[in-house]
Amino acid sequence: MVAKPFTFALITDTHIRPPQGDDSSPYAVNDLANGRARYACDLLAAQEPEFTVHLGDMVHTLPHLPTYQAACDEAHRIFDPLKPELHFVPGNHDIGDKPMAASPAGAVDDYTMSAYHTQFGPSWHCFENQGCLFVVINSSLINSQTEMEKEQRFWLETTLSRHTNKRTFIFSHYPPFINQPSEPSHYDNYAEPGRSWLLDLIEKHAVEAVISGHVHQFFYNRLGRTKFYCLPPTSFTRQDYAELYRTICEDEFGRDDIGKFAVALVHVTDEGHEVEFLPTNGMVAGSGNAVIRREVRMNHDNICVHLRNAWYEAVDLPYNGPMEEFSRKRARNDYPLMRLWQMGISDVRTPLDDLLDPTTRQRIEDWSRAGVGFTFVSSEKPDTLTWEIIHEHAHLVSTLEFAARLKDVPSLLNALKGAKVGDLKVSLTKIHTSADEKAKGTNFAHNVSSGFLPSEVDEVASLLDDAHPVSSVVYQVNLDEDIVAIVTKLANRHVGGLVPVFNIRFAQRNPAAANFDDENIAQRVRQVLDLRACLGGKKTEFQFDTFMDIDRGYSPRHGLLDRSSNFRRAGLVLRGSN
C-alpha cells in the first residue's frame, strides 16, 4: 500500500560539459548535450513530480580531468529546476568506471569517490516517499574488492532487511544485465560475482523495480516479481547499438538517433507502477522548442497491431572498441515495447508459433507482465500437444485467431467445438489468396492476406451455428477502400453477437507495389480514432497492419514505426502528438 498515488521523474546520461567546452569527446553531437539537458530538465519540471532521480553520468568529463569542477558547476545550474527534490546516482563518468581491464576510463578509487561526494553527495543512500523505499547504489564499486565495496554491501543488505515491509525501488547506473542474467560480462553490465549477489538480494527482498541508465538505449527485463528498466538518454545514443536496427544509421553512425531521447515519469499506485516516457527528440533549450505539461495518456484499448518483425530477437553485436574490443555482446531491441506504452496500445498480434517456442514464450511472459495482451494467429488446427501448451499458458493468451479458406471454415469450427476451448477468446479470420480474386485477363499476382471481405458478412453468419465457439470475426479493409463506410455498415448490421474486427491494411493489393505514403497511412489511423467516437458504443475492434515498416521483400509498406523503431507519422497520431 502507498499512502497516496504519486509520480516521480527519471533522467539519465545528460553528459554535461563545461560551458566553454573541452576536449573530452571527439563527437560533434556532444556539443549539444548541455542544451538538451536544459530542455529535458525544463520538461520534467513542468510535470511537477514529487521528486526526480538522475541515474548517473551527470557530466561527461572524468573526475581526474581539470574540467571536472567546471562541468559539475554547469550541471548544477542546469539541474536547478528540479531541485531541491533531486537525487543523484553515481555514473561512471561522475565517479570512475567499474573494474574492467579493457575499460576506456579510469576505475573508481578514493580520489574519485571524494570528488563525487563533494559535488553530488553520498554515492549510496536511501530515502522514503509515501511508504515506498528508494535505494541509490554505487554500481562502479561492485567487484572492486575494496573496503568501500564491503561497506556498501553491508549497508544495502542491512537496509533491505530493515524495510522488508516496504515496496522498494533500486537505482543503479550500470544495469545488472541487458539481455539475460546469465550473459557474459561486458562494458554494460555487472560482472560476477557481484551480479549474482545483487540479483539474489533483489529476489530475496522482492524488489519491485531496478532502474538504470548507462547504455543510452531502452531495455526491459523481468526476474520473478522484479522489473528491470534501462532508460534512454538525453544527450546521445550509443553507436555500438545501431547494429540492432536493420536500416541506415542515423547521424554520426548512430550516435545522434534523436527519436530515442527521452525522460520518464513513474506513476506509483496501490496496484503497482507504470513508466511513462516523455520524448525530448534531441531538442535544445532556448531554440524555440516548447515545453509542455503532459496531462493525457493515450489508451487505445480496442486497437491491436501486427508484430510482423521478430520483436523478441537478440542480436550479437560486432566486437569493436572502445566498448567491446575483446568480447561479444548480445542485445535486443526493446523499443517496440516502449513505443506501445507511449501509444497506449496494449494488444499485439503474432503467430501462434511464438507461444509454442519456449525461448520466445519467456519474452511473451515478460511483455504480458508489462501490460501487453497477445492475439495468436494460426492457419493450422492445433494438435493435442499444441492445445496442452495453449491451456498451460492461457494467462498469456488474449485471443486465439484461427485462419481458414472459406470452404474449410465448417471443418475448423467442428474441430474447435471438440477442443475444449473453455474461456479462451476465439476469433475467426479468412485466408484470402489471389485465387479468390476474379481473373482479369492474364493478370495474376501471388498474394495472401488475412480477413473476410466485407461483402462476405452474410456468408460468415450462415457458417456459424448456435454451438460455435467464436466471439469475433476479422474483416480486411484494403488501402483503396473506404474505412468509414465499411466499418459503419458492418458495425450496424453484424449478427449473432459477434464482434467485428477490422484489419486495416497498409499494404497495396499488388505485392510488388510499395506504400510509403506516410500521410495516407496517418489519415487512415485518424479515421479509425474518429470512428470509435461515432459508433455509439457498438463493440468493434481494429488491427493495424503493420506495426513496423516492411521495407524489403513482399508488399513493402510503412507502419507505425520505422526500422529504427522511431515513430512514423501514423504512430505520432496514436501517441496524441499529431
# chains A, B, ... in the order shown; residues from 1 in each chain; ligands from 1
>>> select_by_dssp(residues="region 108-197 of chain A", states="alpha helix (DSSP H)", output="PyMOL selection string")
chain A and resi 110-120+147-162+194-197
>>> write_last_selection(atoms="C-alpha atoms", output="mmCIF file, in the first residue's frame")
data_model
loop_
_atom_site.group_PDB
_atom_site.id
_atom_site.type_symbol
_atom_site.label_atom_id
_atom_site.label_comp_id
_atom_site.auth_asym_id
_atom_site.auth_seq_id
_atom_site.Cartn_x
_atom_site.Cartn_y
_atom_site.Cartn_z
ATOM 1 C CA ASP A 110 39.461 7.012 -3.197
ATOM 2 C CA TYR A 111 40.161 10.205 -5.142
ATOM 3 C CA THR A 112 37.172 9.898 -7.473
ATOM 4 C CA MET A 113 34.900 8.945 -4.571
ATOM 5 C CA SER A 114 35.948 12.070 -2.690
ATOM 6 C CA ALA A 115 35.439 14.247 -5.756
ATOM 7 C CA TYR A 116 31.974 12.823 -6.302
ATOM 8 C CA HIS A 117 30.925 13.238 -2.685
ATOM 9 C CA THR A 118 31.952 16.882 -2.825
ATOM 10 C CA GLN A 119 29.888 17.531 -5.928
ATOM 11 C CA PHE A 120 26.825 15.300 -5.615
ATOM 12 C CA GLU A 147 36.712 -1.622 1.710
ATOM 13 C CA MET A 148 34.174 0.759 0.180
ATOM 14 C CA GLU A 149 32.541 -2.124 -1.671
ATOM 15 C CA LYS A 150 32.295 -4.069 1.598
ATOM 16 C CA GLU A 151 30.767 -1.054 3.343
ATOM 17 C CA GLN A 152 28.162 -0.559 0.630
ATOM 18 C CA ARG A 153 27.379 -4.263 0.519
ATOM 19 C CA PHE A 154 26.781 -4.423 4.294
ATOM 20 C CA TRP A 155 24.710 -1.224 4.124
ATOM 21 C CA LEU A 156 22.497 -2.495 1.281
ATOM 22 C CA GLU A 157 21.896 -5.901 2.888
ATOM 23 C CA THR A 158 21.062 -4.221 6.204
ATOM 24 C CA THR A 159 18.842 -1.559 4.642
ATOM 25 C CA LEU A 160 16.744 -4.046 2.682
ATOM 26 C CA SER A 161 16.396 -6.310 5.716
ATOM 27 C CA ARG A 162 15.183 -3.390 7.836
ATOM 28 C CA GLY A 194 28.709 -9.045 -7.924
ATOM 29 C CA ARG A 195 25.859 -9.621 -10.351
ATOM 30 C CA SER A 196 24.645 -12.826 -8.683
ATOM 31 C CA TRP A 197 24.999 -11.269 -5.233
#
>>> residues_around(residues="region 267-284 of chain A", least_positions_apart="3", cutoff="8 Å", atoms="only C-alpha atoms", output="short mmCIF file (atom, residue, chain, number, x, y, z; two decimals) with all heavy atoms, in the first residue's frame")
data_model
loop_
_atom_site.label_atom_id
_atom_site.label_comp_id
_atom_site.auth_asym_id
_atom_site.auth_seq_id
_atom_site.Cartn_x
_atom_site.Cartn_y
_atom_site.Cartn_z
N MET A 1 0.84 -1.20 0.00
CA MET A 1 0.00 0.00 0.00
C MET A 1 0.88 1.25 0.00
O MET A 1 1.92 1.30 0.64
CB MET A 1 -0.90 0.01 1.23
CG MET A 1 -1.89 -1.15 1.30
SD MET A 1 -3.24 -0.93 0.14
CE MET A 1 -4.12 0.44 0.90
N VAL A 2 0.42 2.27 -0.73
CA VAL A 2 1.07 3.58 -0.67
C VAL A 2 0.11 4.54 0.00
O VAL A 2 -1.12 4.37 -0.07
CB VAL A 2 1.45 4.09 -2.08
CG1 VAL A 2 2.52 3.20 -2.70
CG2 VAL A 2 0.24 4.18 -2.99
N LYS A 4 -0.64 7.50 -0.77
CA LYS A 4 -1.47 8.04 -1.84
C LYS A 4 -0.69 7.88 -3.15
O LYS A 4 0.54 7.80 -3.14
CB LYS A 4 -1.79 9.53 -1.60
CG LYS A 4 -0.59 10.45 -1.66
CD LYS A 4 -0.99 11.90 -1.51
CE LYS A 4 0.24 12.82 -1.60
NZ LYS A 4 -0.13 14.25 -1.51
N PRO A 5 -1.38 7.79 -4.29
CA PRO A 5 -0.67 7.68 -5.57
C PRO A 5 0.24 8.87 -5.78
O PRO A 5 -0.08 10.00 -5.39
CB PRO A 5 -1.81 7.65 -6.60
CG PRO A 5 -3.01 7.18 -5.83
CD PRO A 5 -2.84 7.75 -4.45
N PHE A 6 1.39 8.62 -6.39
CA PHE A 6 2.32 9.72 -6.63
C PHE A 6 3.14 9.43 -7.87
O PHE A 6 3.15 8.31 -8.40
CB PHE A 6 3.24 9.95 -5.43
CG PHE A 6 4.19 8.81 -5.13
CD1 PHE A 6 5.51 8.84 -5.59
CD2 PHE A 6 3.79 7.71 -4.39
CE1 PHE A 6 6.38 7.80 -5.32
CE2 PHE A 6 4.65 6.66 -4.10
CZ PHE A 6 5.95 6.71 -4.57
N THR A 7 3.83 10.45 -8.34
CA THR A 7 4.65 10.35 -9.55
C THR A 7 6.04 10.89 -9.28
O THR A 7 6.19 11.96 -8.69
CB THR A 7 4.01 11.16 -10.70
OG1 THR A 7 2.73 10.59 -11.03
CG2 THR A 7 4.89 11.15 -11.93
N PHE A 8 7.05 10.12 -9.67
CA PHE A 8 8.41 10.65 -9.62
C PHE A 8 9.03 10.60 -11.02
O PHE A 8 8.49 9.93 -11.92
CB PHE A 8 9.28 9.91 -8.59
CG PHE A 8 9.59 8.47 -8.89
CD1 PHE A 8 10.74 8.12 -9.60
CD2 PHE A 8 8.78 7.45 -8.41
CE1 PHE A 8 11.05 6.79 -9.84
CE2 PHE A 8 9.08 6.11 -8.65
CZ PHE A 8 10.23 5.79 -9.37
N LEU A 32 25.96 19.38 -28.10
CA LEU A 32 24.55 19.70 -27.88
C LEU A 32 24.05 19.25 -26.51
O LEU A 32 22.92 19.54 -26.13
CB LEU A 32 23.68 19.04 -28.95
CG LEU A 32 23.98 19.42 -30.40
CD1 LEU A 32 23.13 18.57 -31.35
CD2 LEU A 32 23.73 20.89 -30.64
N GLY A 35 22.53 21.92 -23.88
CA GLY A 35 21.24 22.45 -24.28
C GLY A 35 20.14 21.41 -24.21
O GLY A 35 19.00 21.71 -23.84
N ARG A 36 20.48 20.19 -24.55
CA ARG A 36 19.50 19.11 -24.47
C ARG A 36 19.14 18.81 -23.01
O ARG A 36 17.97 18.52 -22.70
CB ARG A 36 20.04 17.87 -25.15
CG ARG A 36 20.07 17.98 -26.68
CD ARG A 36 20.71 16.78 -27.36
NE ARG A 36 20.47 16.84 -28.80
CZ ARG A 36 20.93 15.96 -29.68
NH1 ARG A 36 21.67 14.93 -29.26
NH2 ARG A 36 20.67 16.09 -30.97
N ALA A 37 20.11 18.87 -22.13
CA ALA A 37 19.84 18.64 -20.71
C ALA A 37 18.95 19.75 -20.15
O ALA A 37 18.04 19.48 -19.35
CB ALA A 37 21.15 18.57 -19.93
N ARG A 38 19.18 21.00 -20.57
CA ARG A 38 18.32 22.10 -20.09
C ARG A 38 16.88 21.87 -20.52
O ARG A 38 15.94 22.06 -19.73
CB ARG A 38 18.82 23.44 -20.64
CG ARG A 38 20.09 23.95 -20.01
CD ARG A 38 20.37 25.39 -20.43
NE ARG A 38 21.67 25.82 -19.93
CZ ARG A 38 22.81 25.70 -20.60
NH1 ARG A 38 22.80 25.17 -21.82
NH2 ARG A 38 23.94 26.10 -20.07
N TYR A 39 16.70 21.50 -21.78
CA TYR A 39 15.34 21.25 -22.26
C TYR A 39 14.70 20.11 -21.47
O TYR A 39 13.54 20.20 -21.04
CB TYR A 39 15.35 20.90 -23.75
CG TYR A 39 13.97 20.54 -24.26
CD1 TYR A 39 13.09 21.53 -24.70
CD2 TYR A 39 13.52 19.22 -24.27
CE1 TYR A 39 11.82 21.22 -25.13
CE2 TYR A 39 12.25 18.90 -24.70
CZ TYR A 39 11.40 19.89 -25.13
OH TYR A 39 10.13 19.59 -25.55
N ALA A 40 15.44 19.02 -21.26
CA ALA A 40 14.90 17.86 -20.54
C ALA A 40 14.52 18.22 -19.11
O ALA A 40 13.47 17.80 -18.60
CB ALA A 40 15.92 16.73 -20.55
N THR A 234 19.40 11.67 -22.63
CA THR A 234 19.01 12.96 -23.21
C THR A 234 20.09 13.50 -24.14
O THR A 234 19.82 14.44 -24.90
CB THR A 234 18.77 14.01 -22.11
OG1 THR A 234 20.00 14.30 -21.43
CG2 THR A 234 17.75 13.51 -21.09
N SER A 235 21.28 12.93 -24.12
CA SER A 235 22.45 13.56 -24.76
C SER A 235 22.81 12.96 -26.11
O SER A 235 22.85 13.65 -27.12
CB SER A 235 23.65 13.43 -23.82
OG SER A 235 23.82 12.07 -23.42
N ILE A 258 17.85 10.82 -32.79
CA ILE A 258 17.08 11.74 -31.96
C ILE A 258 15.71 11.18 -31.55
O ILE A 258 15.14 11.62 -30.55
CB ILE A 258 16.91 13.11 -32.62
CG1 ILE A 258 16.15 12.98 -33.95
CG2 ILE A 258 18.27 13.77 -32.83
CD1 ILE A 258 15.84 14.33 -34.58
N GLY A 259 15.19 10.21 -32.29
CA GLY A 259 13.90 9.65 -31.91
C GLY A 259 13.95 8.85 -30.63
O GLY A 259 12.90 8.48 -30.08
N LYS A 260 15.13 8.58 -30.12
CA LYS A 260 15.26 7.72 -28.94
C LYS A 260 15.59 8.48 -27.66
O LYS A 260 15.75 7.87 -26.60
CB LYS A 260 16.30 6.63 -29.19
CG LYS A 260 15.87 5.66 -30.29
CD LYS A 260 16.81 4.50 -30.44
CE LYS A 260 16.23 3.49 -31.41
NZ LYS A 260 16.07 4.01 -32.77
N PHE A 261 15.70 9.80 -27.71
CA PHE A 261 15.98 10.57 -26.50
C PHE A 261 14.69 10.74 -25.69
O PHE A 261 13.63 11.04 -26.24
CB PHE A 261 16.56 11.93 -26.84
CG PHE A 261 17.87 11.87 -27.59
CD1 PHE A 261 18.04 12.55 -28.78
CD2 PHE A 261 18.92 11.12 -27.10
CE1 PHE A 261 19.24 12.48 -29.47
CE2 PHE A 261 20.12 11.04 -27.78
CZ PHE A 261 20.28 11.73 -28.97
N ALA A 262 14.78 10.58 -24.37
CA ALA A 262 13.59 10.70 -23.55
C ALA A 262 13.94 10.87 -22.08
O ALA A 262 15.06 10.56 -21.65
CB ALA A 262 12.70 9.45 -23.71
N VAL A 263 12.98 11.37 -21.35
CA VAL A 263 12.96 11.31 -19.89
C VAL A 263 11.73 10.51 -19.51
O VAL A 263 10.97 10.09 -20.39
CB VAL A 263 12.93 12.72 -19.26
CG1 VAL A 263 14.25 13.45 -19.49
CG2 VAL A 263 11.76 13.54 -19.82
N ALA A 264 11.52 10.26 -18.23
CA ALA A 264 10.41 9.39 -17.85
C ALA A 264 9.75 9.84 -16.56
O ALA A 264 10.38 10.48 -15.71
CB ALA A 264 10.89 7.94 -17.72
N SER A 287 15.89 27.34 -28.12
CA SER A 287 15.82 27.35 -29.59
C SER A 287 14.39 27.35 -30.08
O SER A 287 14.08 26.86 -31.16
CB SER A 287 16.56 26.11 -30.15
OG SER A 287 17.91 26.13 -29.76
N ASN A 289 11.93 25.70 -28.75
CA ASN A 289 11.26 24.43 -28.50
C ASN A 289 10.34 24.55 -27.29
O ASN A 289 10.79 24.86 -26.19
CB ASN A 289 12.29 23.33 -28.26
CG ASN A 289 13.18 23.09 -29.46
OD1 ASN A 289 12.69 22.97 -30.58
ND2 ASN A 289 14.49 23.05 -29.24
N MET A 338 8.50 -0.09 -25.62
CA MET A 338 8.41 1.30 -25.17
C MET A 338 7.43 2.08 -26.04
O MET A 338 6.63 2.89 -25.54
CB MET A 338 9.79 1.94 -25.22
CG MET A 338 9.83 3.42 -24.89
SD MET A 338 11.55 4.00 -24.85
CE MET A 338 11.30 5.78 -24.95
N TRP A 341 3.81 1.37 -25.12
CA TRP A 341 3.44 2.14 -23.94
C TRP A 341 3.14 3.59 -24.32
O TRP A 341 2.16 4.16 -23.85
CB TRP A 341 4.58 2.11 -22.92
CG TRP A 341 4.78 0.80 -22.24
CD1 TRP A 341 3.90 -0.24 -22.15
CD2 TRP A 341 5.96 0.38 -21.54
NE1 TRP A 341 4.46 -1.28 -21.44
CE2 TRP A 341 5.72 -0.92 -21.05
CE3 TRP A 341 7.18 0.98 -21.27
CZ2 TRP A 341 6.66 -1.63 -20.31
CZ3 TRP A 341 8.12 0.27 -20.54
CH2 TRP A 341 7.87 -1.01 -20.07
N GLN A 342 3.99 4.18 -25.13
CA GLN A 342 3.81 5.59 -25.48
C GLN A 342 2.53 5.83 -26.27
O GLN A 342 1.90 6.88 -26.16
CB GLN A 342 5.01 6.09 -26.29
CG GLN A 342 6.27 6.25 -25.45
CD GLN A 342 7.46 6.73 -26.28
OE1 GLN A 342 7.99 5.98 -27.09
NE2 GLN A 342 7.84 7.97 -26.08
#
>>> atom_distance(atom1="CA of Asp301 (chain A)", atom2="CA of Ile345 (chain A)")
6.4 Å
>>> residues_around(residues="Gly213 (chain A)", least_positions_apart="6", cutoff="7 Å", atoms="only C-alpha atoms", output="PyMOL selection string")
chain A and resi 12-13+55-56+173-175+230-232
>>> write_last_selection(atoms="N, CA, C and O atoms", output="PDB file, in the first residue's frame")
ATOM      1  N   THR A  12      18.553  10.576 -17.232  1.00  0.00           N
ATOM      2  CA  THR A  12      19.846   9.905 -17.171  1.00  0.00           C
ATOM      3  C   THR A  12      20.753  10.331 -18.310  1.00  0.00           C
ATOM      4  O   THR A  12      20.300  10.820 -19.348  1.00  0.00           O
ATOM      5  N   ASP A  13      22.035  10.165 -18.067  1.00  0.00           N
ATOM      6  CA  ASP A  13      23.078  10.340 -19.082  1.00  0.00           C
ATOM      7  C   ASP A  13      22.959  11.681 -19.805  1.00  0.00           C
ATOM      8  O   ASP A  13      22.857  11.748 -21.026  1.00  0.00           O
ATOM      9  N   LEU A  55      19.952   9.178 -13.001  1.00  0.00           N
ATOM     10  CA  LEU A  55      20.521   7.841 -12.948  1.00  0.00           C
ATOM     11  C   LEU A  55      22.004   7.792 -13.275  1.00  0.00           C
ATOM     12  O   LEU A  55      22.579   6.703 -13.399  1.00  0.00           O
ATOM     13  N   GLY A  56      22.643   8.936 -13.367  1.00  0.00           N
ATOM     14  CA  GLY A  56      24.090   8.944 -13.494  1.00  0.00           C
ATOM     15  C   GLY A  56      24.619   9.462 -14.814  1.00  0.00           C
ATOM     16  O   GLY A  56      23.899   9.668 -15.782  1.00  0.00           O
ATOM     17  N   HIS A 173      23.420   2.922 -11.789  1.00  0.00           N
ATOM     18  CA  HIS A 173      23.791   3.435 -13.109  1.00  0.00           C
ATOM     19  C   HIS A 173      23.995   2.298 -14.100  1.00  0.00           C
ATOM     20  O   HIS A 173      23.404   2.280 -15.183  1.00  0.00           O
ATOM     21  N   TYR A 174      24.843   1.342 -13.764  1.00  0.00           N
ATOM     22  CA  TYR A 174      25.000   0.170 -14.625  1.00  0.00           C
ATOM     23  C   TYR A 174      23.797  -0.754 -14.439  1.00  0.00           C
ATOM     24  O   TYR A 174      23.392  -1.024 -13.297  1.00  0.00           O
ATOM     25  N   PRO A 175      23.210  -1.296 -15.503  1.00  0.00           N
ATOM     26  CA  PRO A 175      22.204  -2.337 -15.317  1.00  0.00           C
ATOM     27  C   PRO A 175      22.881  -3.649 -14.932  1.00  0.00           C
ATOM     28  O   PRO A 175      23.989  -3.935 -15.412  1.00  0.00           O
ATOM     29  N   CYS A 230      16.143  -0.170 -18.235  1.00  0.00           N
ATOM     30  CA  CYS A 230      17.331   0.595 -18.601  1.00  0.00           C
ATOM     31  C   CYS A 230      16.841   1.735 -19.480  1.00  0.00           C
ATOM     32  O   CYS A 230      16.229   1.491 -20.533  1.00  0.00           O
ATOM     33  N   LEU A 231      17.091   2.967 -19.078  1.00  0.00           N
ATOM     34  CA  LEU A 231      16.434   4.115 -19.690  1.00  0.00           C
ATOM     35  C   LEU A 231      17.281   4.795 -20.760  1.00  0.00           C
ATOM     36  O   LEU A 231      18.512   4.797 -20.688  1.00  0.00           O
ATOM     37  N   PRO A 232      16.613   5.390 -21.751  1.00  0.00           N
ATOM     38  CA  PRO A 232      17.322   6.136 -22.793  1.00  0.00           C
ATOM     39  C   PRO A 232      17.863   7.458 -22.263  1.00  0.00           C
ATOM     40  O   PRO A 232      17.419   7.952 -21.218  1.00  0.00           O
TER      41      PRO A 232
END
>>> atom_distance(atom1="CA of Pro382 (chain A)", atom2="CA of Asn309 (chain A)")
23.3 Å
>>> closest_atom_pairs(of="region 416-468 of chain A", to="region 500-524 of chain A", cutoff="8 Å", atoms="only C-alpha atoms", output="tab-separated table")
residue	atom	partner	partner_atom	distance
A:Ala445	CA	A:Asn510	CA	6.8
A:His446	CA	A:Pro511	CA	7.6
A:Asn447	CA	A:Pro511	CA	6.5
A:Ser450	CA	A:Asn503	CA	7.8
A:Gly451	CA	A:Asn503	CA	6.8
>>> atom_distance(atom1="CA of Ala285 (chain A)", atom2="CA of Val266 (chain A)")
23.6 Å
>>> closest_residue(among="A:Arg308, A:Ile16, A:Met100, A:Trp124", to="Ala71 (chain A)", atoms="only C-alpha atoms")
A:Ile16
>>> select_by_dssp(residues="region 162-200 of chain A", states="strand (DSSP E)", output="ChimeraX atom specification")
/A:167-171
>>> write_last_selection(atoms="all heavy atoms", output="compact mmCIF listing (two decimals), in the first residue's frame")
# COMPACT_ATOMS: atom_id res chain seq x y z
N ARG A 167 7.54 -1.43 -0.30
CA ARG A 167 7.81 -1.58 -1.72
C ARG A 167 9.12 -0.84 -2.03
O ARG A 167 9.29 0.32 -1.63
CB ARG A 167 6.66 -1.00 -2.55
CG ARG A 167 5.38 -1.80 -2.41
CD ARG A 167 4.18 -1.08 -2.99
NE ARG A 167 4.37 -0.78 -4.41
CZ ARG A 167 3.48 -0.08 -5.13
NH1 ARG A 167 2.37 0.38 -4.54
NH2 ARG A 167 3.69 0.15 -6.40
N THR A 168 10.00 -1.51 -2.74
CA THR A 168 11.37 -1.00 -2.88
C THR A 168 11.75 -0.83 -4.35
O THR A 168 11.51 -1.72 -5.18
CB THR A 168 12.37 -1.95 -2.20
OG1 THR A 168 12.02 -2.05 -0.80
CG2 THR A 168 13.79 -1.44 -2.33
N PHE A 169 12.37 0.31 -4.64
CA PHE A 169 12.93 0.60 -5.96
C PHE A 169 14.43 0.84 -5.79
O PHE A 169 14.84 1.58 -4.88
CB PHE A 169 12.29 1.85 -6.56
CG PHE A 169 10.81 1.73 -6.84
CD1 PHE A 169 9.88 1.79 -5.81
CD2 PHE A 169 10.35 1.57 -8.14
CE1 PHE A 169 8.52 1.69 -6.06
CE2 PHE A 169 9.00 1.47 -8.40
CZ PHE A 169 8.08 1.53 -7.36
N ILE A 170 15.23 0.21 -6.64
CA ILE A 170 16.68 0.38 -6.60
C ILE A 170 17.14 1.12 -7.86
O ILE A 170 16.70 0.80 -8.97
CB ILE A 170 17.40 -0.97 -6.49
CG1 ILE A 170 17.14 -1.59 -5.11
CG2 ILE A 170 18.91 -0.83 -6.71
CD1 ILE A 170 17.80 -2.95 -4.91
N PHE A 171 18.03 2.09 -7.66
CA PHE A 171 18.60 2.85 -8.76
C PHE A 171 20.09 2.54 -8.86
O PHE A 171 20.84 2.71 -7.90
CB PHE A 171 18.39 4.35 -8.56
CG PHE A 171 16.94 4.73 -8.33
CD1 PHE A 171 16.50 5.14 -7.08
CD2 PHE A 171 16.02 4.67 -9.37
CE1 PHE A 171 15.18 5.48 -6.86
CE2 PHE A 171 14.69 5.01 -9.17
CZ PHE A 171 14.27 5.42 -7.92
>>> residues_around(residues="Phe542 (chain A)", least_positions_apart="4", cutoff="12 Å", atoms="only C-alpha atoms", output="JSON, numbers by chain")
{"A": [300, 301, 302, 303, 304, 305, 306, 345, 347, 348, 349, 451, 472, 473, 474, 475, 476, 477, 483, 487, 491, 499, 500, 501, 502, 503, 504, 505, 524, 525, 527, 528, 529, 531, 532, 546]}
>>> closest_residue(among="A:Asp545, A:Glu252, A:Asp188, A:Asp57", to="His93 (chain A)", atoms="only C-alpha atoms")
A:Asp57
>>> closest_residue(among="A:Trp387, A:Pro454, A:Arg222, A:Ala403", to="Val421 (chain A)", atoms="only C-alpha atoms")
A:Trp387
